[in-house]
>>> print(open('target-v1.cif').read())   # mmCIF, C-alpha atoms
data_upload
#
loop_
_atom_site.label_atom_id
_atom_site.label_comp_id
_atom_site.auth_asym_id
_atom_site.auth_seq_id
_atom_site.Cartn_x
_atom_site.Cartn_y
_atom_site.Cartn_z
CA ALA A 1 71.43 3.37 -41.32
CA GLN A 2 72.01 1.48 -38.13
CA SER A 3 70.98 -2.03 -37.13
CA VAL A 4 72.00 -4.85 -34.84
CA THR A 5 71.83 -8.59 -35.28
CA GLN A 6 71.77 -10.97 -32.34
CA LEU A 7 72.93 -14.46 -33.19
CA GLY A 8 71.00 -17.13 -31.33
CA SER A 9 67.51 -16.46 -30.06
CA HIS A 10 68.02 -18.97 -27.24
CA VAL A 11 71.18 -19.71 -25.29
CA SER A 12 71.46 -22.26 -22.48
CA VAL A 13 74.41 -22.48 -20.12
CA SER A 14 75.12 -24.38 -16.95
CA GLU A 15 75.37 -22.51 -13.70
CA GLY A 16 78.99 -21.38 -13.29
CA ALA A 17 79.76 -21.60 -17.00
CA LEU A 18 80.76 -18.77 -19.30
CA VAL A 19 77.96 -16.69 -20.78
CA LEU A 20 78.48 -15.40 -24.33
CA LEU A 21 75.71 -13.54 -26.11
CA ARG A 22 76.52 -12.34 -29.61
CA CYS A 23 75.69 -9.01 -31.20
CA ASN A 24 76.87 -7.61 -34.52
CA TYR A 25 76.08 -4.10 -35.64
CA SER A 26 75.83 -2.14 -38.83
CA SER A 27 76.45 1.57 -38.69
CA SER A 28 77.62 4.22 -41.10
CA VAL A 29 78.92 6.35 -38.25
CA PRO A 30 80.76 5.52 -35.01
CA PRO A 31 78.11 3.61 -33.10
CA TYR A 32 76.71 3.96 -29.62
CA LEU A 33 76.00 0.39 -28.50
CA PHE A 34 73.99 -0.96 -25.59
CA TRP A 35 72.97 -4.14 -23.87
CA TYR A 36 69.69 -4.24 -22.00
CA VAL A 37 68.32 -7.05 -19.83
CA GLN A 38 64.67 -7.81 -19.27
CA TYR A 39 63.76 -10.08 -16.39
CA PRO A 40 60.36 -11.79 -16.50
CA ASN A 41 57.47 -9.37 -16.15
CA GLN A 42 59.74 -6.33 -15.91
CA GLY A 43 60.92 -3.46 -18.07
CA LEU A 44 64.30 -3.15 -19.77
CA GLN A 45 67.29 -2.42 -17.57
CA LEU A 46 70.54 -0.98 -18.92
CA LEU A 47 73.39 -3.48 -18.45
CA LEU A 48 76.16 -1.51 -20.10
CA LYS A 49 76.92 0.84 -22.96
CA TYR A 50 79.73 1.82 -25.31
CA THR A 51 79.92 5.37 -26.56
CA THR A 52 83.60 6.32 -26.94
CA GLY A 53 86.87 5.50 -25.24
CA ALA A 54 87.79 2.15 -23.75
CA THR A 55 86.55 -0.70 -25.91
CA LEU A 56 86.07 -3.11 -22.99
CA VAL A 57 83.02 -1.98 -21.10
CA LYS A 58 82.03 -3.28 -17.70
CA GLY A 59 78.43 -3.31 -16.63
CA ILE A 60 76.26 -4.38 -13.76
CA ASN A 61 75.98 -7.90 -12.35
CA GLY A 62 79.43 -8.94 -13.57
CA PHE A 63 78.71 -8.53 -17.28
CA GLU A 64 81.09 -6.95 -19.74
CA ALA A 65 81.23 -6.37 -23.48
CA GLU A 66 83.98 -5.56 -25.93
CA PHE A 67 83.56 -3.24 -28.89
CA LYS A 68 85.47 -4.65 -31.86
CA LYS A 69 85.32 -2.32 -34.82
CA SER A 70 87.14 -4.70 -37.14
CA GLU A 71 84.53 -7.38 -36.48
CA THR A 72 81.57 -4.96 -36.07
CA SER A 73 80.76 -6.85 -32.90
CA PHE A 74 79.72 -6.05 -29.34
CA HIS A 75 79.40 -9.43 -27.66
CA LEU A 76 78.25 -9.70 -24.05
CA THR A 77 80.09 -11.99 -21.64
CA LYS A 78 80.04 -13.07 -18.03
CA PRO A 79 82.65 -15.48 -16.65
CA SER A 80 80.30 -17.47 -14.43
CA ALA A 81 76.54 -17.75 -14.95
CA HIS A 82 74.18 -17.48 -12.04
CA MET A 83 70.59 -18.67 -11.90
CA SER A 84 69.48 -15.07 -11.52
CA ASP A 85 70.94 -14.24 -14.97
CA ALA A 86 68.07 -16.04 -16.69
CA ALA A 87 66.38 -13.31 -18.70
CA GLU A 88 65.93 -11.80 -22.17
CA TYR A 89 68.88 -9.78 -23.42
CA PHE A 90 68.64 -7.09 -26.09
CA CYS A 91 71.49 -5.46 -27.96
CA ALA A 92 70.77 -1.98 -29.30
CA VAL A 93 72.45 0.71 -31.39
CA ARG A 94 71.74 4.42 -31.23
CA GLY A 95 71.03 6.09 -34.52
CA ASN A 96 68.21 8.55 -35.21
CA GLN A 97 66.42 6.37 -32.72
CA PHE A 98 67.28 3.23 -30.79
CA TYR A 99 67.37 0.08 -32.91
CA PHE A 100 66.99 -3.14 -30.94
CA GLY A 101 68.06 -6.61 -31.86
CA THR A 102 65.55 -9.43 -31.77
CA GLY A 103 66.71 -10.56 -28.36
CA THR A 104 68.40 -13.61 -26.85
CA SER A 105 66.69 -15.64 -24.16
CA LEU A 106 69.25 -16.93 -21.66
CA THR A 107 68.47 -20.08 -19.69
CA VAL A 108 70.74 -21.12 -16.82
CA ILE A 109 70.72 -24.82 -15.99
CA PRO A 110 71.37 -25.78 -12.37
CA ASP B 111 65.97 1.11 -9.39
CA THR B 112 64.34 2.70 -12.41
CA GLU B 113 63.65 6.41 -12.21
CA VAL B 114 60.89 6.14 -14.78
CA THR B 115 57.63 5.31 -13.05
CA GLN B 116 54.64 3.88 -14.87
CA THR B 117 51.07 3.40 -13.67
CA PRO B 118 49.09 1.25 -13.62
CA LYS B 119 51.23 -1.87 -13.68
CA HIS B 120 48.31 -3.93 -14.98
CA LEU B 121 45.21 -2.81 -16.87
CA VAL B 122 42.33 -4.83 -18.25
CA MET B 123 39.91 -2.95 -20.47
CA GLY B 124 37.03 -3.68 -22.76
CA MET B 125 37.05 -2.65 -26.40
CA THR B 126 34.66 0.25 -25.73
CA ASN B 127 36.50 1.61 -22.70
CA LYS B 128 38.63 4.71 -22.40
CA LYS B 129 41.67 4.46 -20.18
CA SER B 130 45.08 6.07 -19.78
CA LEU B 131 48.59 4.94 -19.04
CA LYS B 132 50.79 7.33 -17.11
CA CYS B 133 54.54 7.83 -16.96
CA GLU B 134 56.71 10.10 -14.85
CA GLN B 135 60.45 10.69 -14.78
CA HIS B 136 62.51 12.78 -12.39
CA MET B 137 65.85 12.76 -14.19
CA GLY B 138 65.40 16.10 -15.92
CA HIS B 139 65.23 14.36 -19.28
CA ARG B 140 63.70 16.28 -22.17
CA ALA B 141 62.82 13.34 -24.43
CA MET B 142 60.20 10.76 -23.57
CA TYR B 143 59.05 7.69 -25.45
CA TRP B 144 56.27 5.14 -25.68
CA TYR B 145 57.15 1.64 -26.82
CA LYS B 146 54.94 -1.39 -27.34
CA GLN B 147 56.35 -4.84 -26.63
CA LYS B 148 54.87 -8.23 -27.41
CA ALA B 149 56.10 -11.33 -25.60
CA LYS B 150 59.67 -12.36 -26.51
CA LYS B 151 59.94 -9.52 -29.03
CA PRO B 152 61.99 -6.30 -28.96
CA PRO B 153 60.26 -3.04 -28.07
CA GLU B 154 58.61 -1.22 -30.99
CA LEU B 155 58.74 2.56 -30.97
CA MET B 156 55.35 4.27 -30.98
CA PHE B 157 55.90 7.94 -30.11
CA VAL B 158 58.71 10.32 -29.19
CA TYR B 159 58.27 13.63 -27.41
CA SER B 160 61.09 16.12 -27.40
CA TYR B 161 60.80 19.23 -25.24
CA GLU B 162 57.11 18.43 -24.75
CA LYS B 163 56.40 18.37 -28.48
CA LEU B 164 55.56 15.26 -30.47
CA SER B 165 58.50 14.63 -32.76
CA ILE B 166 57.94 11.05 -33.93
CA ASN B 167 54.73 9.11 -34.50
CA GLU B 168 55.51 5.72 -35.97
CA SER B 169 52.20 5.48 -37.85
CA VAL B 170 50.37 4.45 -34.71
CA PRO B 171 46.58 4.03 -35.01
CA SER B 172 44.56 6.94 -33.69
CA ARG B 173 43.04 4.79 -30.96
CA PHE B 174 46.34 5.52 -29.18
CA SER B 175 46.67 9.19 -28.27
CA PRO B 176 49.80 10.47 -26.52
CA GLU B 177 49.97 13.55 -24.35
CA CYS B 178 52.90 15.31 -22.69
CA PRO B 179 51.53 17.74 -20.06
CA ASN B 180 55.02 18.80 -18.97
CA SER B 181 58.62 17.70 -19.25
CA SER B 182 58.25 15.09 -16.50
CA LEU B 183 54.95 13.50 -17.49
CA LEU B 184 53.81 11.42 -20.41
CA ASN B 185 50.38 9.89 -20.89
CA LEU B 186 48.98 7.43 -23.38
CA HIS B 187 45.23 7.65 -23.83
CA LEU B 188 43.53 4.49 -25.00
CA HIS B 189 40.15 4.26 -26.71
CA ALA B 190 38.38 1.57 -28.71
CA LEU B 191 41.31 -0.81 -28.56
CA GLN B 192 41.42 -4.24 -30.15
CA PRO B 193 42.48 -7.51 -28.51
CA GLU B 194 45.66 -7.48 -30.60
CA ASP B 195 46.67 -4.29 -28.78
CA SER B 196 47.25 -6.37 -25.66
CA ALA B 197 50.94 -5.98 -24.84
CA LEU B 198 53.46 -4.48 -22.46
CA TYR B 199 53.64 -0.71 -22.91
CA LEU B 200 56.97 0.77 -21.95
CA CYS B 201 57.72 4.37 -21.22
CA ALA B 202 61.29 5.60 -21.53
CA SER B 203 63.26 8.81 -21.35
CA SER B 204 66.61 10.20 -22.42
CA GLN B 205 68.50 13.41 -21.84
CA GLY B 206 67.47 14.72 -25.23
CA GLU B 207 66.14 13.25 -28.44
CA ARG B 208 69.76 12.63 -29.40
CA GLY B 209 70.61 11.50 -25.88
CA ASN B 210 72.93 8.56 -25.87
CA THR B 211 71.16 6.44 -23.28
CA ILE B 212 67.50 5.58 -22.94
CA TYR B 213 66.03 4.54 -19.59
CA PHE B 214 62.93 2.42 -19.34
CA GLY B 215 60.15 2.13 -16.81
CA GLU B 216 58.80 -1.19 -15.57
CA GLY B 217 55.96 -1.09 -18.07
CA SER B 218 52.19 -1.35 -18.01
CA TRP B 219 50.66 -4.70 -18.91
CA LEU B 220 47.56 -4.08 -20.99
CA THR B 221 44.94 -6.71 -21.71
CA VAL B 222 42.07 -5.85 -24.04
CA VAL B 223 39.04 -8.09 -23.69
#
>>> encode(input="target-v1.cif", output="structure tokens")
Amino acid sequence: AQSVTQLGSHVSVSEGALVLLRCNYSSSVPPYLFWYVQYPNQGLQLLLKYTTGATLVKGINGFEAEFKKSETSFHLTKPSAHMSDAAEYFCAVRGNQFYFGTGTSLTVIP
Amino acid sequence: DTEVTQTPKHLVMGMTNKKSLKCEQHMGHRAMYWYKQKAKKPPELMFVYSYEKLSINESVPSRFSPECPNSSLLNLHLHALQPEDSALYLCASSQGERGNTIYFGEGSWLTVV
């Protein structure tokens, strides 16, 4: 069975500061892992994904994530937060279907 | 820009009304999905169509009736809904049911009064 756990339902950072959103997964097989972003009143947009190959994955809008098998983690980072990054972020793992984490709401403080 | 298009963007309906949500994708995907999302919660899977056949129904009440007229279109027919059914309804697609990436539309905001 597959599942993901997002640590921290709310994260606040100052504009220009590092963004770190945490995701740990559980999977009995090599996982396919995803980060989606949902801006207010919009659908989910794919930020980045890990399937196979390079463990450091770069996505849109300056975000990246690193797959760490030893830590069963797939944390999302961005070196410098921008006001436009304020949104809900969902980690997901692909099993028989997509399993989503409970989400992390990112607030960026001017 | 999303290549999954949903209409209408907003829908208000009474509990005795019949309405439909529509979804279209032009990526050649053969799997399509309906999700329901409440505020600040993750999407909840409702239905999966694979090659135009219903493959997963997550015990959704019969007042929600999906339809897949062809590989590009997905409808969700709504009848006798309850106020608690008010939510964002998201359509999504993937290359196949085992496709490794799922793409979402912008969603349809449904309010049941």
>>> residues_around(input="target-v1.cif", residues="segment 65-74 of chain A", least_positions_apart="3", cutoff="6 Å", atoms="all atoms listed in the file", output="list in words")
Cys23, Asn24, Tyr25, Thr55, Leu56 and Val57 of chain A
>>> write_last_selection(input="target-v1.cif", atoms="C-alpha atoms", output="CSV table (one decimal), in the coordinates of the input")
chain,number,residue,atom,x,y,z
A,23,CYS,CA,75.7,-9.0,-31.2
A,24,ASN,CA,76.9,-7.6,-34.5
A,25,TYR,CA,76.1,-4.1,-35.6
A,55,THR,CA,86.6,-0.7,-25.9
A,56,LEU,CA,86.1,-3.1,-23.0
A,57,VAL,CA,83.0,-2.0,-21.1
>>> closest_atom_pairs(input="target-v1.cif", of="chain B", to="chain A", cutoff="10 Å", atoms="only C-alpha atoms", output="Markdown table")
| residue | atom | partner | partner_atom | distance |
| --- | --- | --- | --- | --- |
| B:Asp111 | CA | A:Gln45 | CA | 9.0 |
| B:Thr112 | CA | A:Gln45 | CA | 7.8 |
| B:Lys119 | CA | A:Gln42 | CA | 9.9 |
| B:Gln147 | CA | A:Gly43 | CA | 9.8 |
| B:Ala149 | CA | A:Asn41 | CA | 9.7 |
| B:Lys150 | CA | A:Gly103 | CA | 7.5 |
| B:Lys151 | CA | A:Thr102 | CA | 6.2 |
| B:Pro152 | CA | A:Thr102 | CA | 5.5 |
| B:Pro153 | CA | A:Phe100 | CA | 7.3 |
| B:Glu154 | CA | A:Phe100 | CA | 8.6 |
| B:Leu155 | CA | A:Phe98 | CA | 8.6 |
| B:Val158 | CA | A:Gln97 | CA | 9.4 |
| B:Ile166 | CA | A:Gln97 | CA | 9.8 |
| B:Leu198 | CA | A:Gly43 | CA | 8.7 |
| B:Tyr199 | CA | A:Gly43 | CA | 9.2 |
| B:Leu200 | CA | A:Gly43 | CA | 7.0 |
| B:Cys201 | CA | A:Gly43 | CA | 9.0 |
| B:Ala202 | CA | A:Leu44 | CA | 9.4 |
| B:Glu207 | CA | A:Gln97 | CA | 8.1 |
| B:Arg208 | CA | A:Asn96 | CA | 7.3 |
| B:Gly209 | CA | A:Arg94 | CA | 8.9 |
| B:Asn210 | CA | A:Arg94 | CA | 6.9 |
| B:Thr211 | CA | A:Lys49 | CA | 8.0 |
| B:Ile212 | CA | A:Phe98 | CA | 8.2 |
| B:Tyr213 | CA | A:Leu46 | CA | 7.2 |
| B:Phe214 | CA | A:Leu44 | CA | 5.8 |
| B:Gly215 | CA | A:Gly43 | CA | 5.8 |
| B:Glu216 | CA | A:Gly43 | CA | 4.0 |
| B:Gly217 | CA | A:Gly43 | CA | 5.5 |
| B:Ser218 | CA | A:Gly43 | CA | 9.0 |
| B:Trp219 | CA | A:Asn41 | CA | 8.7 |
>>> atom_distance(input="target-v1.cif", atom1="atom CA of Gly53 of chain A", atom2="atom CA of Leu20 of chain A")
22.5 Å
>>> closest_residue(input="target-v1.cif", among="B:Asn167, B:Gly206, B:Pro176, B:Ala197", to="His120 of chain B", atoms="only C-alpha atoms")
B:Ala197
>>> atom_distance(input="target-v1.cif", atom1="atom CA of Leu220 of chain B", atom2="atom CA of Gln205 of chain B")
27.3 Å
>>> atom_distance(input="target-v1.cif", atom1="atom CA of Glu113 of chain B", atom2="atom CA of Met137 of chain B")
7.0 Å
>>> resolve_selection(input="target-v1.cif", expression="the PyMOL selection byres ((chain B and resi 180-190) around 8)", output="list in words")
Met125, Thr126, Asn127, Lys128, Lys129, Ser130, Leu131, Lys132, Cys133, Glu134, Gln135, His136, Gly138, His139, Arg140, Ala141, Met142, Trp144, Tyr161, Glu162, Arg173, Phe174, Ser175, Pro176, Glu177, Cys178, Pro179, Leu191 and Gln192 of chain B
>>> resolve_selection(input="target-v1.cif", expression="the PyMOL selection byres ((chain A and resi 27) around 8)", output="JSON, numbers by chain")
{"A": [1, 2, 3, 25, 26, 28, 29, 30, 31]}
>>> resolve_selection(input="target-v1.cif", expression="the PyMOL selection byres ((chain A and resi 108) around 12)", output="ChimeraX atom specification")
/A:10-19,80-88,105-107,109-110
>>> closest_residue(input="target-v1.cif", among="B:Thr221, B:Ser172, B:Ser160, B:Ser203", to="Met123 of chain B", atoms="all atoms listed in the file")
B:Thr221
